[in-house]
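> Mind having a look at this structure? Questions to follow.
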Amino acid sequence: MRNVTLVLEDGTKFHGKSFGYDSPVAGEVVFNTAMMGYPESLTDPSYAGQLMTLTYPLVGNYGVPPFTMEENGLPTFMESDRIYASAIIVADYSEKYSHWNAVESLASWLKREKVPGITGIDTRELTKVLREHGVMMGKVIFDDEPDNVPTAEYAGVNFVDKVSCKEIIRYNEGADKKVVLVDCGVKANIIRCLINRGCEVIRVPWNYDYTDMEFDGLFLANGPGDPDMCEDAVKIIQKQMSRSDKPICGICMGNQLLAKAAGAHIYKLKYGHRSHNQPVRMVGTEKCFVTSQNHGYAVDAKTLGTDWEELFVNMNDGSNEGIRHKSKPWFSSQFHPEACSGPVDTEFMFDKFVEALKK
């Protein structure tokens, strides 16, 4: 394995070995504290443009499942059609794997999809640096090619436009209830959760004007990057809300876009929420849930309009985890109720949305 160096924008360096595709790469360095789920995380479009650091020390020991498609057109074990993370950074890569559903190693998958992987990094120390400084840009440079230095930008890039579908895709056609899903970088299990509840899903590009279409409810999906880059989507949501009281539900980026449509502001978190163990409380109750999350931005709840209120709050830092309209069936969560991978404590959010379609 070739020697590589991770160089952060503040000059901090970490030395390791390449176990994935041998190519320099640059992007926003973030960390995820989940103990498992690297096939789902790597294929989550919300990681586009990012170098994903896993804090769990041993990675790769259960290999990679096959990329198979279900009859409904969704991948069985992945969250999209390919790896979207720009690279993966781990402390200890397990070359040998063992799992009933594995067909290849993590290294062979990364190489085939041309995604760099780095092992031998002190990921706990790297995480401490990111927690103190905040997420920052970083570069992976091969020590035997010191002049081959990659460049990349994250701020100001519309990653949603890069990962969204380019044409309308329909799932479960002919179902009683039709849901328009705005694809900002949707995970497959979100679509699956809607299909399993008897919905036809009409997946549209992030900036598509769906307001004249026939549907029963609107679903705003997750996605990468800065929601302030998605003003076209926000304007269409506002147009829809001015025309109809049809149910609206959002997840992650969808929460932020719905909040922006409601007049709220978005800000960037210091190091984001990327894990399977984020505790959230339902506002007005003592109910707490353990949630799966992957986001670097949050809604400033103080800027919500008077017709809106918080639905969930984060128990660690008090940041917003969801909003709802006080009188109309419009609500959202910052966390991932479909939780693939992660805990399924909050999958009831889909039930609540589908119940609203029936009214």
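Following the order of the structure tokens, first chain is A, next is B, and so on, with residues numbered from 1 inside each chain and ligands from 1 in the order they appear.
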Could you pull out all residues of stretch 64-111 of chain A with a DSSP call of alpha helix (DSSP H) and give them as a list in words?
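Alpha helix (DSSP H) assignments inside stretch 64-111 of chain A correspond to Leu106, Ala107, Ser108, Trp109, Leu110 and Lys111 of chain A.
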> I need the residues from that last selection saved to file as a CSV table (one decimal), in the first residue's frame (with all heavy atoms), if you can.

chain,number,residue,atom,x,y,z
A,106,LEU,N,-14.1,-4.2,0.9
A,106,LEU,CA,-14.2,-2.7,0.8
A,106,LEU,C,-13.2,-2.2,-0.2
A,106,LEU,O,-13.5,-1.3,-1.0
A,106,LEU,CB,-14.1,-2.1,2.2
A,106,LEU,CG,-14.2,-0.6,2.2
A,106,LEU,CD1,-15.4,0.0,1.6
A,106,LEU,CD2,-14.0,-0.1,3.7
A,107,ALA,N,-12.0,-2.7,-0.1
A,107,ALA,CA,-10.9,-2.2,-1.0
A,107,ALA,C,-11.2,-2.4,-2.4
A,107,ALA,O,-11.0,-1.5,-3.3
A,107,ALA,CB,-9.6,-2.8,-0.6
A,108,SER,N,-11.7,-3.6,-2.8
A,108,SER,CA,-12.0,-3.9,-4.2
A,108,SER,C,-13.1,-3.0,-4.7
A,108,SER,O,-13.1,-2.6,-5.9
A,108,SER,CB,-12.3,-5.4,-4.4
A,108,SER,OG,-13.5,-5.7,-3.7
A,109,TRP,N,-14.1,-2.8,-3.8
A,109,TRP,CA,-15.2,-1.9,-4.2
A,109,TRP,C,-14.8,-0.5,-4.5
A,109,TRP,O,-15.1,0.1,-5.5
A,109,TRP,CB,-16.3,-2.0,-3.1
A,109,TRP,CG,-17.6,-1.2,-3.4
A,109,TRP,CD1,-18.2,-1.1,-4.6
A,109,TRP,CD2,-18.4,-0.5,-2.4
A,109,TRP,NE1,-19.3,-0.3,-4.5
A,109,TRP,CE2,-19.5,0.0,-3.1
A,109,TRP,CE3,-18.2,-0.3,-1.1
A,109,TRP,CZ2,-20.4,0.8,-2.5
A,109,TRP,CZ3,-19.2,0.4,-0.4
A,109,TRP,CH2,-20.3,1.0,-1.1
A,110,LEU,N,-13.9,0.0,-3.6
A,110,LEU,CA,-13.4,1.4,-3.7
A,110,LEU,C,-12.6,1.5,-5.0
A,110,LEU,O,-12.7,2.5,-5.8
A,110,LEU,CB,-12.5,1.8,-2.5
A,110,LEU,CG,-13.3,1.9,-1.2
A,110,LEU,CD1,-12.2,2.1,-0.1
A,110,LEU,CD2,-14.2,3.1,-1.2
A,111,LYS,N,-11.8,0.5,-5.3
A,111,LYS,CA,-10.9,0.6,-6.5
A,111,LYS,C,-11.8,0.5,-7.7
A,111,LYS,O,-11.5,1.3,-8.7
A,111,LYS,CB,-9.9,-0.6,-6.5
A,111,LYS,CG,-8.9,-0.4,-5.4
A,111,LYS,CD,-8.0,-1.7,-5.3
A,111,LYS,CE,-6.9,-1.5,-4.2
A,111,LYS,NZ,-6.1,-2.7,-4.0
> Among stretch 168-286 of chain A, which ones does DSSP assign to strand (DSSP E or B) (computed from the backbone)? Answer as a ChimeraX atom specification.
/A:169-171,177-183,199-205,217-220,248-251,265-282
> Counting only C-alpha atoms, what is within 10 Å of stretch 199-215 of chain A, bar same-chain residues fewer than 6 positions away, as a ChimeraX atom specification?
/A:160-161,163-186,191-193,221,223,230-237,239-241,243-244,246,354,357
> Skip A:Val64 itself and residues of its chain fewer than 5 positions away, then list as number ranges by chain all residues within 8 Å of it, counting only C-alpha atoms.
A: 39, 101-106, 109
> So which residues touch stretch 17-33 of chain A within 6 Å, counting only C-alpha atoms, skipping near sequence neighbours fewer than 3 positions away, as an mmCIF file with N, CA, C and O atoms, in the first residue's frame?

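And here is the file that came out, out.cif:
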data_model
loop_
_atom_site.group_PDB
_atom_site.id
_atom_site.type_symbol
_atom_site.label_atom_id
_atom_site.label_comp_id
_atom_site.auth_asym_id
_atom_site.auth_seq_id
_atom_site.Cartn_x
_atom_site.Cartn_y
_atom_site.Cartn_z
ATOM 1 N N MET A 1 0.852 -1.198 0.000
ATOM 2 C CA MET A 1 0.000 0.000 0.000
ATOM 3 C C MET A 1 0.887 1.247 0.000
ATOM 4 O O MET A 1 1.852 1.345 0.752
ATOM 5 N N ARG A 2 0.526 2.211 -0.832
ATOM 6 C CA ARG A 2 1.336 3.420 -0.982
ATOM 7 C C ARG A 2 1.125 4.369 0.206
ATOM 8 O O ARG A 2 0.026 4.435 0.775
ATOM 9 N N ASN A 3 2.192 5.102 0.534
ATOM 10 C CA ASN A 3 2.117 6.074 1.622
ATOM 11 C C ASN A 3 1.378 7.327 1.151
ATOM 12 O O ASN A 3 1.611 7.826 0.037
ATOM 13 N N VAL A 4 0.488 7.815 1.995
ATOM 14 C CA VAL A 4 -0.267 9.025 1.672
ATOM 15 C C VAL A 4 -0.257 9.958 2.874
ATOM 16 O O VAL A 4 -0.020 9.540 4.016
ATOM 17 N N GLY A 49 -18.755 15.246 -2.341
ATOM 18 C CA GLY A 49 -17.769 16.296 -2.108
ATOM 19 C C GLY A 49 -17.056 16.216 -0.783
ATOM 20 O O GLY A 49 -16.269 17.109 -0.442
ATOM 21 N N GLN A 50 -17.281 15.134 -0.013
ATOM 22 C CA GLN A 50 -16.701 15.056 1.327
ATOM 23 C C GLN A 50 -15.769 13.858 1.480
ATOM 24 O O GLN A 50 -15.973 12.806 0.872
ATOM 25 N N LEU A 51 -14.735 14.040 2.321
ATOM 26 C CA LEU A 51 -13.847 12.963 2.726
ATOM 27 C C LEU A 51 -14.377 12.450 4.056
ATOM 28 O O LEU A 51 -14.312 13.152 5.073
ATOM 29 N N MET A 52 -14.928 11.243 4.053
ATOM 30 C CA MET A 52 -15.651 10.713 5.207
ATOM 31 C C MET A 52 -14.718 9.969 6.150
ATOM 32 O O MET A 52 -14.155 8.936 5.793
ATOM 33 N N THR A 53 -14.563 10.510 7.348
ATOM 34 C CA THR A 53 -13.756 9.877 8.384
ATOM 35 C C THR A 53 -14.659 9.052 9.287
ATOM 36 O O THR A 53 -15.655 9.556 9.804
ATOM 37 N N LEU A 54 -14.324 7.773 9.477
ATOM 38 C CA LEU A 54 -15.082 6.920 10.391
ATOM 39 C C LEU A 54 -14.305 6.784 11.694
ATOM 40 O O LEU A 54 -13.147 6.373 11.692
ATOM 41 N N THR A 55 -14.948 7.140 12.809
ATOM 42 C CA THR A 55 -14.251 7.092 14.093
ATOM 43 C C THR A 55 -14.171 5.682 14.647
ATOM 44 O O THR A 55 -13.292 5.393 15.463
ATOM 45 N N ALA A 107 -11.969 -2.667 -0.094
ATOM 46 C CA ALA A 107 -10.903 -2.160 -0.959
ATOM 47 C C ALA A 107 -11.213 -2.393 -2.433
ATOM 48 O O ALA A 107 -11.035 -1.491 -3.264
ATOM 49 N N LEU A 110 -13.934 0.029 -3.570
ATOM 50 C CA LEU A 110 -13.416 1.382 -3.731
ATOM 51 C C LEU A 110 -12.598 1.503 -5.021
ATOM 52 O O LEU A 110 -12.735 2.482 -5.772
ATOM 53 N N LYS A 111 -11.764 0.520 -5.284
ATOM 54 C CA LYS A 111 -10.929 0.573 -6.483
ATOM 55 C C LYS A 111 -11.782 0.536 -7.748
ATOM 56 O O LYS A 111 -11.512 1.251 -8.715
ATOM 57 N N LYS A 114 -13.317 3.809 -8.205
ATOM 58 C CA LYS A 114 -12.302 4.868 -8.265
ATOM 59 C C LYS A 114 -12.441 5.884 -7.135
ATOM 60 O O LYS A 114 -12.416 7.102 -7.336
ATOM 61 N N VAL A 115 -12.584 5.347 -5.923
ATOM 62 C CA VAL A 115 -12.705 6.173 -4.715
ATOM 63 C C VAL A 115 -11.526 5.865 -3.788
ATOM 64 O O VAL A 115 -11.323 4.703 -3.414
ATOM 65 N N PRO A 116 -10.742 6.848 -3.401
ATOM 66 C CA PRO A 116 -9.610 6.619 -2.506
ATOM 67 C C PRO A 116 -10.052 6.163 -1.114
ATOM 68 O O PRO A 116 -11.111 6.558 -0.615
ATOM 69 N N GLY A 117 -9.210 5.352 -0.500
ATOM 70 C CA GLY A 117 -9.403 4.940 0.879
ATOM 71 C C GLY A 117 -8.081 5.039 1.611
ATOM 72 O O GLY A 117 -7.031 4.677 1.071
ATOM 73 N N ILE A 118 -8.092 5.544 2.839
ATOM 74 C CA ILE A 118 -6.865 5.741 3.621
ATOM 75 C C ILE A 118 -7.001 5.004 4.946
ATOM 76 O O ILE A 118 -8.025 5.123 5.632
ATOM 77 N N THR A 119 -5.967 4.251 5.307
ATOM 78 C CA THR A 119 -5.938 3.569 6.600
ATOM 79 C C THR A 119 -4.660 3.953 7.340
ATOM 80 O O THR A 119 -3.719 4.489 6.749
ATOM 81 N N VAL A 135 -15.285 21.527 10.823
ATOM 82 C CA VAL A 135 -14.938 20.825 9.594
ATOM 83 C C VAL A 135 -14.141 21.765 8.687
ATOM 84 O O VAL A 135 -14.335 22.975 8.699
ATOM 85 N N MET A 136 -13.224 21.191 7.933
ATOM 86 C CA MET A 136 -12.392 22.017 7.060
ATOM 87 C C MET A 136 -12.018 21.230 5.814
ATOM 88 O O MET A 136 -12.167 20.013 5.761
ATOM 89 N N MET A 137 -11.534 21.950 4.824
ATOM 90 C CA MET A 137 -11.097 21.309 3.600
ATOM 91 C C MET A 137 -9.816 20.532 3.848
ATOM 92 O O MET A 137 -9.015 20.874 4.727
ATOM 93 N N GLY A 138 -9.630 19.464 3.070
ATOM 94 C CA GLY A 138 -8.434 18.653 3.198
ATOM 95 C C GLY A 138 -8.040 18.042 1.870
ATOM 96 O O GLY A 138 -8.850 17.959 0.940
ATOM 97 N N LYS A 139 -6.778 17.624 1.792
ATOM 98 C CA LYS A 139 -6.255 17.009 0.574
ATOM 99 C C LYS A 139 -5.536 15.714 0.921
ATOM 100 O O LYS A 139 -4.814 15.644 1.918
ATOM 101 N N VAL A 140 -5.737 14.699 0.095
ATOM 102 C CA VAL A 140 -5.006 13.447 0.225
ATOM 103 C C VAL A 140 -3.932 13.443 -0.855
ATOM 104 O O VAL A 140 -4.245 13.450 -2.052
ATOM 105 N N ILE A 141 -2.673 13.463 -0.430
ATOM 106 C CA ILE A 141 -1.547 13.549 -1.362
ATOM 107 C C ILE A 141 -0.693 12.289 -1.236
ATOM 108 O O ILE A 141 -0.393 11.843 -0.116
ATOM 109 N N PRO A 150 -4.269 17.889 -5.518
ATOM 110 C CA PRO A 150 -5.634 18.134 -6.006
ATOM 111 C C PRO A 150 -6.210 19.425 -5.457
ATOM 112 O O PRO A 150 -5.768 19.947 -4.429
ATOM 113 N N THR A 151 -7.193 19.956 -6.128
ATOM 114 C CA THR A 151 -7.933 21.123 -5.646
ATOM 115 C C THR A 151 -9.414 20.796 -5.648
ATOM 116 O O THR A 151 -9.893 20.019 -6.474
ATOM 117 N N ALA A 152 -10.119 21.377 -4.724
ATOM 118 C CA ALA A 152 -11.566 21.157 -4.651
ATOM 119 C C ALA A 152 -12.206 22.297 -3.893
ATOM 120 O O ALA A 152 -11.568 22.945 -3.058
ATOM 121 N N ARG A 274 -23.248 13.591 12.280
ATOM 122 C CA ARG A 274 -23.116 12.418 11.407
ATOM 123 C C ARG A 274 -22.875 11.207 12.297
ATOM 124 O O ARG A 274 -21.748 10.928 12.688
ATOM 125 N N SER A 275 -23.956 10.485 12.583
ATOM 126 C CA SER A 275 -23.862 9.361 13.511
ATOM 127 C C SER A 275 -25.190 8.617 13.549
ATOM 128 O O SER A 275 -26.159 9.001 12.890
#
> Would you please work out which residue, of A:Ile83, A:Met282, A:Ile323, A:Ala356, is nearest to A:Ser46 when using only C-alpha atoms?
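Residue with the minimum atom-to-atom distance to A:Ser46: A:Ile83.
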